[in-house]
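J.: Could you have a look at this structure, given as structure tokens, before my questions?
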Amino acid sequence: MENIVEIRGLTKRYNRTEALKNIDLDVEMGKVVGILGPNGSGKTTLIKLLTGLLHPNSGEIKIDGHSPGVHTKSVISYLPDRNALYSWMTVKDALGMYKDFYEDFDEKKSEDLLQFMKLDKDMKVSNMSKGMKEKLNLALVLSRKAKIYILDEPIAGVDPVARDQILDAIIENYAEDSAMIITTHLVRDMENIFDKVVFLGDGEIMLSGDAEDLREEKNMQIDELYKEIFG
Amino acid sequence: MNFDSGLPIYMQIVEIIKSRIVTGILESGEKLPSVRDLATELKVNPNTIQRSYAELERQNIVFTQRGMGTFVTEDISILEGLKDAMAREKVLSFMEDMERLGYTKDEIPDIIRKIALEGK
């Protein structure tokens, strides 16, 4: 299968702290990859390098054959780890903004997703709970017809009902002609949707592989393996 | 849904579907849920369901008709064999538990009979 993302020898330093050390990582088309690690392990730094928000000190990132830049931004749909919408906006305003910004925005899909998430178009972002904001942001991100969806901590801090809706939306919108990269430390809730998992600790890949192969080889679920590695 | 054993998830889903077939929730010749529907129901990656269906097909328990979906086999001998295999597995694991309690293989049928009669 074709790699949509290839990372080689990626290193990122903040002053003298190494946030990522010599990372190699491939993401195949049609797969869902979980980047797992505790807070401060380098997950968000990795995402910011992929999305072109940060530049590496050394190493190489190829996305759809290109270095992070104008082209890669057009093929990546990114859910940041915090609300990216202005508080004065209504759901309708947010939809309008996405439609203006992204050529690949699918209005029909966004209508379906908003309905699925039970979000009313006249609702204001400032009146929303954490879970509702997360659902709105995710609905917008999944409404783009992107090649890569990057979701940074999509279920952190949301209630169980919203969490289930978010997981369902991710599963239902998974497509073979795209790839998903999802970071999380809530491994038990999310492990069943990953094809491949990458354990990131202190900026290094401690272990990575096909999730099912790892379960078979280690004779445990990914959540238990996570606890063994980081516990 | 949480999968707790050390088995890969696709294997655990194979077992779930086999038990649905043996208990009659899925009948001979019936269409299995679509990959996406079952993925949503069990909250797992559709690729995992795909792998479970491929494994069931390899074991001749289901068959795929191009463009139509995946169906439970109509071959009764395979379904009987599946039922026997599941019964065998349950009995073996039960016997293991009983032996751990100190019963010998010869004593096990007696105690089953005794308890079954109590209920009459």
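By convention in this document, the chains of the structure tokens carry letters A, B, ... by their order, each chain's residues are numbered from 1, and ligands are numbered from 1 in the order they are shown.
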Tell me as a PDB file with N, CA and C atoms, in the first residue's frame which residues belonging to chain B come within 8 Å of chain A, counting only C-alpha atoms.
T.:
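And here is the file that came out, out-v8.pdb:
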```pdb
ATOM      1  N   ASN B   2     -15.575  -2.986  24.896  1.00  0.00           N
ATOM      2  CA  ASN B   2     -14.188  -3.256  25.258  1.00  0.00           C
ATOM      3  C   ASN B   2     -13.869  -4.732  25.092  1.00  0.00           C
ATOM      4  N   PHE B   3     -12.735  -4.978  24.490  1.00  0.00           N
ATOM      5  CA  PHE B   3     -12.284  -6.345  24.287  1.00  0.00           C
ATOM      6  C   PHE B   3     -11.189  -6.596  25.305  1.00  0.00           C
ATOM      7  N   ASP B   4     -11.371  -7.605  26.147  1.00  0.00           N
ATOM      8  CA  ASP B   4     -10.478  -7.714  27.289  1.00  0.00           C
ATOM      9  C   ASP B   4      -9.393  -8.775  27.192  1.00  0.00           C
ATOM     10  N   SER B   5      -9.626  -9.799  26.386  1.00  0.00           N
ATOM     11  CA  SER B   5      -8.633 -10.877  26.398  1.00  0.00           C
ATOM     12  C   SER B   5      -7.389 -10.462  25.620  1.00  0.00           C
ATOM     13  N   GLY B   6      -6.423 -11.332  25.612  1.00  0.00           N
ATOM     14  CA  GLY B   6      -5.191 -11.032  24.895  1.00  0.00           C
ATOM     15  C   GLY B   6      -5.274 -11.338  23.415  1.00  0.00           C
ATOM     16  N   LEU B   7      -6.457 -11.734  22.956  1.00  0.00           N
ATOM     17  CA  LEU B   7      -6.607 -12.062  21.528  1.00  0.00           C
ATOM     18  C   LEU B   7      -6.751 -10.800  20.685  1.00  0.00           C
ATOM     19  N   PRO B   8      -6.305 -10.868  19.419  1.00  0.00           N
ATOM     20  CA  PRO B   8      -6.579  -9.752  18.512  1.00  0.00           C
ATOM     21  C   PRO B   8      -8.097  -9.522  18.419  1.00  0.00           C
ATOM     22  N   ILE B   9      -8.490  -8.290  18.174  1.00  0.00           N
ATOM     23  CA  ILE B   9      -9.916  -7.954  18.145  1.00  0.00           C
ATOM     24  C   ILE B   9     -10.645  -8.700  17.031  1.00  0.00           C
ATOM     25  N   TYR B  10      -9.984  -8.847  15.859  1.00  0.00           N
ATOM     26  CA  TYR B  10     -10.698  -9.514  14.765  1.00  0.00           C
ATOM     27  C   TYR B  10     -11.077 -10.950  15.142  1.00  0.00           C
ATOM     28  N   ARG B  36     -19.535  -1.605   7.569  1.00  0.00           N
ATOM     29  CA  ARG B  36     -19.619  -0.309   8.243  1.00  0.00           C
ATOM     30  C   ARG B  36     -20.620  -0.333   9.403  1.00  0.00           C
ATOM     31  N   ALA B  39     -19.055  -2.177  12.226  1.00  0.00           N
ATOM     32  CA  ALA B  39     -17.980  -1.336  12.771  1.00  0.00           C
ATOM     33  C   ALA B  39     -18.575  -0.296  13.721  1.00  0.00           C
ATOM     34  N   THR B  40     -19.693   0.300  13.309  1.00  0.00           N
ATOM     35  CA  THR B  40     -20.335   1.314  14.155  1.00  0.00           C
ATOM     36  C   THR B  40     -20.920   0.668  15.404  1.00  0.00           C
ATOM     37  N   LYS B  43     -18.035  -0.373  17.535  1.00  0.00           N
ATOM     38  CA  LYS B  43     -17.081   0.743  17.668  1.00  0.00           C
ATOM     39  C   LYS B  43     -15.637   0.295  17.411  1.00  0.00           C
ATOM     40  N   VAL B  44     -15.465  -0.358  16.272  1.00  0.00           N
ATOM     41  CA  VAL B  44     -14.109  -0.733  15.873  1.00  0.00           C
ATOM     42  C   VAL B  44     -13.864  -0.279  14.425  1.00  0.00           C
ATOM     43  N   ASN B  45     -12.601  -0.251  14.068  1.00  0.00           N
ATOM     44  CA  ASN B  45     -12.169   0.116  12.730  1.00  0.00           C
ATOM     45  C   ASN B  45     -12.787  -0.821  11.675  1.00  0.00           C
ATOM     46  N   PRO B  46     -13.351  -0.279  10.603  1.00  0.00           N
ATOM     47  CA  PRO B  46     -13.931  -1.131   9.549  1.00  0.00           C
ATOM     48  C   PRO B  46     -12.937  -2.146   8.977  1.00  0.00           C
ATOM     49  N   ASN B  47     -11.652  -1.799   8.954  1.00  0.00           N
ATOM     50  CA  ASN B  47     -10.648  -2.759   8.463  1.00  0.00           C
ATOM     51  C   ASN B  47     -10.628  -4.029   9.327  1.00  0.00           C
ATOM     52  N   THR B  48     -10.884  -3.847  10.629  1.00  0.00           N
ATOM     53  CA  THR B  48     -10.897  -4.996  11.546  1.00  0.00           C
ATOM     54  C   THR B  48     -12.067  -5.918  11.226  1.00  0.00           C
TER      55      THR B  48
END
```
J.: So that I can see what lies close to A:Pro80, please list as a VMD selection string the residues with an atom at most 10 Å from it, counting only C-alpha atoms and leaving out residues fewer than 3 positions away in the same chain.
T.: chain A and resid 44 47 to 48 77 83 to 84 134 137 to 138 141 150 to 154
J.: Which residues in chain B does DSSP call strand (DSSP E or B)? List them as number ranges by chain.
T.: B: 31, 62-65, 69-72
J.: Please run DSSP on the backbone and report, as a ChimeraX atom specification, all residues within chain B that come out as alpha helix (DSSP H).
T.: /B:9-22,35-42,46-58,76-100,107-118
J.: Which one is closest to A:Trp88: A:Ser58, A:Thr72, A:Asn22, A:Asn127? Count only C-alpha atoms.
T.: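 Looking at the shortest contact to A:Trp88, the residue is A:Asn127.
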J.: What's the separation between atom CA of A:Val27 and atom CA of A:Ile148, in Å to one decimal place?
T.: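 These atoms are spaced 9.7 Å apart.
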J.: Would you list the contacts of A:Leu119 as a list in words, taking every protein, DNA or RNA residue within 8 Å and counting only C-alpha atoms, but skipping same-chain residues closer than 6 positions in sequence?
T.: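 Returned residues: Val91, Met132 and Leu136 of chain A.
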J.: Could those selected residues go to a file with N, CA and C atoms, as a PDB file, in the first residue's frame?
T.:
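Now in again-v7.pdb:
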```pdb
ATOM      1  N   VAL A  91     -23.014  28.320  14.766  1.00  0.00           N
ATOM      2  CA  VAL A  91     -22.668  27.142  13.966  1.00  0.00           C
ATOM      3  C   VAL A  91     -22.706  27.513  12.478  1.00  0.00           C
ATOM      4  N   MET A 132     -19.617  19.939  23.182  1.00  0.00           N
ATOM      5  CA  MET A 132     -20.275  20.457  21.984  1.00  0.00           C
ATOM      6  C   MET A 132     -19.276  21.138  21.056  1.00  0.00           C
ATOM      7  N   LEU A 136     -18.482  20.109  17.243  1.00  0.00           N
ATOM      8  CA  LEU A 136     -18.591  21.052  16.122  1.00  0.00           C
ATOM      9  C   LEU A 136     -17.283  21.102  15.335  1.00  0.00           C
TER      10      LEU A 136
END
```
